[in-house]
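Asks: Supplied structure: coords_8.pdb, PDB, C-alpha atoms.
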MODEL        1
ATOM      1  CA  MET Q   1       5.100 -45.511  66.848
ATOM      2  CA  PRO Q   2       8.690 -44.989  65.700
ATOM      3  CA  LYS Q   3      11.054 -42.420  67.176
ATOM      4  CA  ALA Q   4      12.255 -39.542  64.987
ATOM      5  CA  SER Q   5      15.650 -41.256  64.740
ATOM      6  CA  GLU Q   6      14.014 -44.297  63.079
ATOM      7  CA  ILE Q   7      12.274 -42.347  60.287
ATOM      8  CA  LYS Q   8      13.818 -42.752  56.835
ATOM      9  CA  LYS Q   9      13.512 -40.779  53.592
ATOM     10  CA  ASN Q  10      10.384 -41.487  51.526
ATOM     11  CA  GLN Q  11       8.305 -42.483  54.551
ATOM     12  CA  ALA Q  12       4.974 -40.879  55.354
ATOM     13  CA  ILE Q  13       4.209 -39.561  58.821
ATOM     14  CA  GLU Q  14       1.199 -37.977  60.443
ATOM     15  CA  PHE Q  15       2.003 -34.622  62.031
ATOM     16  CA  GLU Q  16      -0.481 -32.083  63.399
ATOM     17  CA  GLY Q  17      -3.409 -33.909  61.812
ATOM     18  CA  ARG Q  18      -1.958 -34.025  58.307
ATOM     19  CA  VAL Q  19      -0.002 -36.643  56.345
ATOM     20  CA  TYR Q  20       3.471 -35.605  55.235
ATOM     21  CA  PHE Q  21       5.965 -37.313  52.979
ATOM     22  CA  VAL Q  22       9.554 -37.079  54.279
ATOM     23  CA  LYS Q  23      11.807 -36.024  51.376
ATOM     24  CA  ASP Q  24      15.031 -35.123  53.200
ATOM     25  CA  ILE Q  25      16.540 -35.658  56.653
ATOM     26  CA  GLU Q  26      19.516 -33.841  58.156
ATOM     27  CA  ARG Q  27      20.952 -35.114  61.431
ATOM     28  CA  SER Q  28      22.846 -32.734  63.694
ATOM     29  CA  VAL Q  29      24.408 -33.075  67.132
ATOM     30  CA  PRO Q  30      24.569 -29.671  68.838
ATOM     31  CA  GLN Q  31      27.753 -29.007  70.844
ATOM     32  CA  GLY Q  32      27.453 -29.081  74.617
ATOM     33  CA  ARG Q  33      23.971 -30.515  74.521
ATOM     34  CA  ALA Q  34      23.296 -33.277  77.012
ATOM     35  CA  GLY Q  35      20.397 -34.565  74.944
ATOM     36  CA  GLY Q  36      20.661 -36.437  71.708
ATOM     37  CA  SER Q  37      20.681 -35.661  68.035
ATOM     38  CA  LEU Q  38      18.308 -33.349  66.243
ATOM     39  CA  TYR Q  39      16.604 -34.436  63.018
ATOM     40  CA  ARG Q  40      15.588 -31.683  60.618
ATOM     41  CA  MET Q  41      13.066 -33.110  58.186
ATOM     42  CA  ARG Q  42      11.897 -31.534  54.958
ATOM     43  CA  MET Q  43       8.366 -32.801  54.474
ATOM     44  CA  TYR Q  44       5.683 -32.250  51.857
ATOM     45  CA  ASP Q  45       1.961 -32.390  52.509
ATOM     46  CA  VAL Q  46       0.624 -35.297  50.436
ATOM     47  CA  VAL Q  47      -2.573 -33.433  49.564
ATOM     48  CA  THR Q  48      -1.451 -29.823  48.953
ATOM     49  CA  ASN Q  49       2.280 -30.506  48.291
ATOM     50  CA  ASN Q  50       3.151 -27.612  50.646
ATOM     51  CA  LYS Q  51       6.649 -27.809  52.099
ATOM     52  CA  LEU Q  52       7.253 -27.995  55.855
ATOM     53  CA  ASP Q  53      10.650 -27.966  57.564
ATOM     54  CA  GLN Q  54      10.410 -29.374  61.065
ATOM     55  CA  THR Q  55      13.057 -30.307  63.656
ATOM     56  CA  PHE Q  56      12.540 -33.256  65.992
ATOM     57  CA  LYS Q  57      14.566 -34.587  68.905
ATOM     58  CA  ASP Q  58      15.735 -38.175  68.408
ATOM     59  CA  SER Q  59      13.353 -39.343  71.168
ATOM     60  CA  ASP Q  60      10.223 -37.639  69.724
ATOM     61  CA  MET Q  61       7.564 -40.207  68.858
ATOM     62  CA  LEU Q  62       5.966 -39.865  65.414
ATOM     63  CA  ASN Q  63       2.976 -41.605  63.846
ATOM     64  CA  GLN Q  64       3.623 -43.405  60.578
ATOM     65  CA  ALA Q  65       0.933 -42.891  57.963
ATOM     66  CA  ASP Q  66      -0.735 -45.739  56.139
ATOM     67  CA  LEU Q  67       0.967 -46.098  52.764
ATOM     68  CA  VAL Q  68       0.201 -48.484  49.959
ATOM     69  CA  ARG Q  69       2.888 -49.278  47.365
ATOM     70  CA  ARG Q  70       1.654 -50.490  43.975
ATOM     71  CA  PRO Q  71       3.921 -51.805  41.194
ATOM     72  CA  ALA Q  72       3.590 -49.600  38.127
ATOM     73  CA  THR Q  73       5.111 -48.666  34.788
ATOM     74  CA  PHE Q  74       5.497 -45.267  33.170
ATOM     75  CA  SER Q  75       2.719 -44.818  30.624
ATOM     76  CA  TYR Q  76       2.853 -41.302  29.136
ATOM     77  CA  SER Q  77       3.147 -37.613  29.962
ATOM     78  CA  ASP Q  78       0.472 -35.045  29.214
ATOM     79  CA  GLY Q  79       1.790 -31.527  29.814
ATOM     80  CA  GLU Q  80       2.499 -31.241  33.545
ATOM     81  CA  GLU Q  81       0.895 -34.619  34.342
ATOM     82  CA  TYR Q  82       2.786 -37.911  34.260
ATOM     83  CA  VAL Q  83       0.644 -41.035  34.064
ATOM     84  CA  PHE Q  84       1.702 -44.399  35.487
ATOM     85  CA  MET Q  85      -0.219 -47.647  35.062
ATOM     86  CA  ASP Q  86      -0.621 -50.259  37.793
ATOM     87  CA  SER Q  87       1.144 -53.437  36.656
ATOM     88  CA  GLU Q  88      -1.496 -55.701  38.216
ATOM     89  CA  ASP Q  89      -4.954 -54.137  37.800
ATOM     90  CA  TYR Q  90      -4.116 -51.506  35.113
ATOM     91  CA  THR Q  91      -5.367 -48.557  37.173
ATOM     92  CA  GLN Q  92      -3.908 -45.262  35.955
ATOM     93  CA  TYR Q  93      -2.258 -42.874  38.421
ATOM     94  CA  ALA Q  94      -1.541 -39.260  37.437
ATOM     95  CA  LEU Q  95       1.195 -37.351  39.247
ATOM     96  CA  ASN Q  96       2.092 -33.696  38.802
ATOM     97  CA  LYS Q  97       5.546 -32.976  37.371
ATOM     98  CA  GLY Q  98       6.464 -30.805  40.375
ATOM     99  CA  ALA Q  99       5.828 -33.639  42.836
ATOM    100  CA  ILE Q 100       8.143 -36.092  41.035
ATOM    101  CA  GLU Q 101      10.726 -33.786  39.437
ATOM    102  CA  ASP Q 102      13.739 -35.508  41.069
ATOM    103  CA  GLU Q 103      12.481 -38.989  40.177
ATOM    104  CA  LEU Q 104      11.939 -38.077  36.496
ATOM    105  CA  LEU Q 105      15.728 -38.079  36.005
ATOM    106  CA  PHE Q 106      15.675 -41.878  36.441
ATOM    107  CA  ILE Q 107      12.421 -42.921  34.743
ATOM    108  CA  THR Q 108      12.366 -44.632  31.359
ATOM    109  CA  GLU Q 109       9.503 -46.368  29.548
ATOM    110  CA  ASP Q 110      10.971 -49.851  30.112
ATOM    111  CA  MET Q 111      11.847 -49.319  33.796
ATOM    112  CA  GLN Q 112      11.323 -52.270  36.152
ATOM    113  CA  GLY Q 113      10.725 -52.081  39.923
ATOM    114  CA  LEU Q 114       8.877 -48.741  39.942
ATOM    115  CA  MET Q 115       6.260 -48.287  42.687
ATOM    116  CA  VAL Q 116       3.512 -45.677  42.997
ATOM    117  CA  ILE Q 117       2.875 -44.701  46.620
ATOM    118  CA  LEU Q 118      -0.769 -44.176  47.569
ATOM    119  CA  VAL Q 119      -2.235 -42.489  50.651
ATOM    120  CA  ASP Q 120      -6.012 -42.902  50.961
ATOM    121  CA  ASP Q 121      -6.097 -44.295  47.379
ATOM    122  CA  ALA Q 122      -4.545 -41.094  45.968
ATOM    123  CA  PRO Q 123      -1.111 -41.232  44.280
ATOM    124  CA  VAL Q 124       1.364 -39.017  46.152
ATOM    125  CA  ALA Q 125       4.864 -40.123  45.137
ATOM    126  CA  LEU Q 126       7.083 -42.648  43.384
ATOM    127  CA  ASP Q 127       9.387 -45.209  44.940
ATOM    128  CA  LEU Q 128      12.276 -46.036  42.625
ATOM    129  CA  PRO Q 129      14.502 -49.122  42.670
ATOM    130  CA  THR Q 130      17.931 -48.559  44.267
ATOM    131  CA  THR Q 131      19.696 -48.763  40.883
ATOM    132  CA  VAL Q 132      18.604 -48.028  37.313
ATOM    133  CA  ASP Q 133      20.136 -48.804  33.916
ATOM    134  CA  LEU Q 134      20.370 -45.800  31.585
ATOM    135  CA  GLU Q 135      21.988 -45.158  28.220
ATOM    136  CA  ILE Q 136      24.655 -42.493  27.742
ATOM    137  CA  THR Q 137      23.563 -40.042  25.030
ATOM    138  CA  GLU Q 138      26.524 -37.683  25.201
ATOM    139  CA  THR Q 139      30.038 -37.784  26.657
ATOM    140  CA  ASP Q 140      33.595 -37.025  25.608
ATOM    141  CA  PRO Q 141      35.266 -39.697  23.441
ATOM    142  CA  SER Q 142      36.617 -42.657  25.391
ATOM    143  CA  ILE Q 143      40.329 -42.690  26.117
ATOM    144  CA  LYS Q 144      42.215 -45.891  25.415
ATOM    145  CA  GLY Q 145      43.712 -47.199  28.640
ATOM    146  CA  GLY Q 146      41.469 -44.823  30.572
ATOM    147  CA  SER Q 147      40.370 -47.639  32.859
ATOM    148  CA  ALA Q 148      43.829 -47.655  34.452
ATOM    149  CA  THR Q 149      43.277 -44.187  35.916
ATOM    150  CA  ALA Q 150      40.686 -43.003  38.390
ATOM    151  CA  ARG Q 151      39.844 -39.884  36.361
ATOM    152  CA  THR Q 152      36.227 -39.289  35.407
ATOM    153  CA  LYS Q 153      34.315 -37.221  32.883
ATOM    154  CA  PRO Q 154      30.687 -35.989  32.790
ATOM    155  CA  ALA Q 155      28.181 -38.052  30.823
ATOM    156  CA  THR Q 156      24.618 -37.051  29.907
ATOM    157  CA  LEU Q 157      22.161 -39.947  30.190
ATOM    158  CA  SER Q 158      18.987 -40.585  28.165
ATOM    159  CA  THR Q 159      16.812 -38.944  30.862
ATOM    160  CA  GLY Q 160      18.914 -35.768  31.047
ATOM    161  CA  LEU Q 161      20.745 -36.739  34.232
ATOM    162  CA  VAL Q 162      24.479 -35.941  34.248
ATOM    163  CA  VAL Q 163      26.836 -38.267  36.181
ATOM    164  CA  GLN Q 164      30.598 -38.694  36.376
ATOM    165  CA  VAL Q 165      31.830 -41.844  34.581
ATOM    166  CA  PRO Q 166      35.311 -43.341  34.083
ATOM    167  CA  GLU Q 167      37.183 -42.219  30.969
ATOM    168  CA  HIS Q 168      36.836 -45.599  29.181
ATOM    169  CA  ILE Q 169      33.008 -45.310  28.976
ATOM    170  CA  SER Q 170      31.667 -43.952  25.681
ATOM    171  CA  THR Q 171      28.431 -42.637  24.135
ATOM    172  CA  GLY Q 172      25.867 -45.416  23.600
ATOM    173  CA  ASP Q 173      27.000 -47.515  26.585
ATOM    174  CA  ARG Q 174      24.375 -48.559  29.136
ATOM    175  CA  VAL Q 175      25.399 -47.836  32.716
ATOM    176  CA  LYS Q 176      24.056 -48.686  36.154
ATOM    177  CA  VAL Q 177      23.379 -45.610  38.345
ATOM    178  CA  ASN Q 178      22.651 -45.477  42.087
ATOM    179  CA  VAL Q 179      19.396 -43.523  42.522
ATOM    180  CA  GLU Q 180      20.097 -42.305  46.079
ATOM    181  CA  ASP Q 181      23.462 -40.590  45.487
ATOM    182  CA  ARG Q 182      23.287 -40.272  41.661
ATOM    183  CA  LYS Q 183      26.594 -42.038  41.101
ATOM    184  CA  PHE Q 184      27.899 -44.347  38.389
ATOM    185  CA  LEU Q 185      28.127 -47.976  39.592
ATOM    186  CA  GLY Q 186      29.305 -49.795  36.467
ATOM    187  CA  ARG Q 187      28.292 -50.934  33.016
ATOM    188  CA  ALA Q 188      24.814 -52.406  32.731
TER
ENDMDL
END
Let me see the structure of the file written as C-alpha cells.

Replies:
Amino acid sequence: MPKASEIKKNQAIEFEGRVYFVKDIERSVPQGRAGGSLYRMRMYDVVTNNKLDQTFKDSDMLNQADLVRRPATFSYSDGEEYVFMDSEDYTQYALNKGAIEDELLFITEDMQGLMVILVDDAPVALDLPTTVDLEITETDPSIKGGSATARTKPATLSTGLVVQVPEHISTGDRVKVNVEDRKFLGRA
C-alpha cells in the first residue's frame, strides 16, 4: 500500500469501495503546520466518470487498484466514441470522447506506444508515450536567422493542439512535443 505522497498522475486507486483514476495532483505545504504536505487529488470514477476532489495527508495509506495496460492503436471515431484496437489480440476498446478529451490532442492514426488502460477488463483511459511527433498545419512564416533568438510563435498541429515553437520552424515541419507539459522539444 503506497502513501499518498507516492501516488502519481494516471494511477488508479481504490477509495471508499470504488476505483478512481487520478488525473491531477496538487501538493501544498500549509504554513505553521507541524505535519507534512497535503495532496489534493482530482480523481474520476472509472465506471461512472464522476469527478471527486479529495485531499490526503502525505502519510495516508491508499490502495492501488489493479490496472492492466494493453498496447493499442487508434482505429476510428464514431460520433462520441473513439475505438482503439489491441495491437496483440485485435480486441476493440471503445472510449467516450469526454473521458479522453485531453489525450485526443496527441493522438494520430500512426501513433506508436499508445496503451489502453483496463480495470476489470473495461477500458477506462489511455496512457500516452512521453513524447509524440506531430505535423505543423499552421504557423506564421519562418524568419531567417530566427534560430539565433529565443523568441517563439504559436503553431497549430495536425491534432488541433497549439504549442509555442521557435521562429525558424515553418508549416509542414514535424515536431516532437512533450505530452505532460505540452511543450515543443525539437524537430522530429

Asks: Evaluate the PyMOL selection byres ((chain Q and resi 96-111) around 9) and record the selected residues as a PDB file with C-alpha atoms, in the coordinates of the input, following the chain and residue labels used in the document.

Replies:
ATOM      1  CA  ASN Q  49       2.280 -30.506  48.291  1.00  0.00           C
ATOM      2  CA  THR Q  73       5.111 -48.666  34.788  1.00  0.00           C
ATOM      3  CA  PHE Q  74       5.497 -45.267  33.170  1.00  0.00           C
ATOM      4  CA  SER Q  75       2.719 -44.818  30.624  1.00  0.00           C
ATOM      5  CA  TYR Q  76       2.853 -41.302  29.136  1.00  0.00           C
ATOM      6  CA  GLY Q  79       1.790 -31.527  29.814  1.00  0.00           C
ATOM      7  CA  GLU Q  80       2.499 -31.241  33.545  1.00  0.00           C
ATOM      8  CA  GLU Q  81       0.895 -34.619  34.342  1.00  0.00           C
ATOM      9  CA  TYR Q  82       2.786 -37.911  34.260  1.00  0.00           C
ATOM     10  CA  VAL Q  83       0.644 -41.035  34.064  1.00  0.00           C
ATOM     11  CA  ALA Q  94      -1.541 -39.260  37.437  1.00  0.00           C
ATOM     12  CA  LEU Q  95       1.195 -37.351  39.247  1.00  0.00           C
ATOM     13  CA  GLN Q 112      11.323 -52.270  36.152  1.00  0.00           C
ATOM     14  CA  GLY Q 113      10.725 -52.081  39.923  1.00  0.00           C
ATOM     15  CA  LEU Q 114       8.877 -48.741  39.942  1.00  0.00           C
ATOM     16  CA  VAL Q 124       1.364 -39.017  46.152  1.00  0.00           C
ATOM     17  CA  ALA Q 125       4.864 -40.123  45.137  1.00  0.00           C
ATOM     18  CA  LEU Q 126       7.083 -42.648  43.384  1.00  0.00           C
ATOM     19  CA  ASP Q 127       9.387 -45.209  44.940  1.00  0.00           C
ATOM     20  CA  LEU Q 128      12.276 -46.036  42.625  1.00  0.00           C
ATOM     21  CA  VAL Q 132      18.604 -48.028  37.313  1.00  0.00           C
ATOM     22  CA  ASP Q 133      20.136 -48.804  33.916  1.00  0.00           C
ATOM     23  CA  LEU Q 134      20.370 -45.800  31.585  1.00  0.00           C
ATOM     24  CA  LEU Q 157      22.161 -39.947  30.190  1.00  0.00           C
ATOM     25  CA  SER Q 158      18.987 -40.585  28.165  1.00  0.00           C
ATOM     26  CA  THR Q 159      16.812 -38.944  30.862  1.00  0.00           C
ATOM     27  CA  GLY Q 160      18.914 -35.768  31.047  1.00  0.00           C
ATOM     28  CA  LEU Q 161      20.745 -36.739  34.232  1.00  0.00           C
ATOM     29  CA  VAL Q 177      23.379 -45.610  38.345  1.00  0.00           C
ATOM     30  CA  VAL Q 179      19.396 -43.523  42.522  1.00  0.00           C
TER      31      VAL Q 179
END

Asks: Please measure the separation of CA of Ala4 in chain Q and CA of Ser28 in chain Q, giving the value in Å to one decimal.

Replies: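 Between CA of Ala4 in chain Q and CA of Ser28 in chain Q the gap is 12.7 Å.
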
Asks: Starting from the displayed file, determine the output of the PyMOL selection byres ((chain Q and resi 164) around 10) and express the residue list as a PyMOL selection string.

Replies: chain Q and resi 139+151-156+162-163+165-167+182-184

Asks: Suppose a student applies the PyMOL selection byres ((chain Q and resi 173) around 9) to this structure; what residues should they get, written as a PDB file with C-alpha atoms, in the coordinates of the input?

Replies:
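Written file, out-v6.pdb:
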ATOM      1  CA  LEU Q 134      20.370 -45.800  31.585  1.00  0.00           C
ATOM      2  CA  GLU Q 135      21.988 -45.158  28.220  1.00  0.00           C
ATOM      3  CA  ILE Q 136      24.655 -42.493  27.742  1.00  0.00           C
ATOM      4  CA  THR Q 137      23.563 -40.042  25.030  1.00  0.00           C
ATOM      5  CA  ILE Q 169      33.008 -45.310  28.976  1.00  0.00           C
ATOM      6  CA  SER Q 170      31.667 -43.952  25.681  1.00  0.00           C
ATOM      7  CA  THR Q 171      28.431 -42.637  24.135  1.00  0.00           C
ATOM      8  CA  GLY Q 172      25.867 -45.416  23.600  1.00  0.00           C
ATOM      9  CA  ARG Q 174      24.375 -48.559  29.136  1.00  0.00           C
ATOM     10  CA  VAL Q 175      25.399 -47.836  32.716  1.00  0.00           C
ATOM     11  CA  ARG Q 187      28.292 -50.934  33.016  1.00  0.00           C
ATOM     12  CA  ALA Q 188      24.814 -52.406  32.731  1.00  0.00           C
TER      13      ALA Q 188
END

Asks: Hey, can you check how far CA of Ile143 in chain Q sits from CA of Gly186 in chain Q?

Replies: 16.7 Å

Asks: Suppose you want the space between CA of Asn178 in chain Q and CA of Pro129 in chain Q; what is it in Å?

Replies: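 Spanning CA of Asn178 in chain Q to CA of Pro129 in chain Q is a straight-line distance of 8.9 Å.
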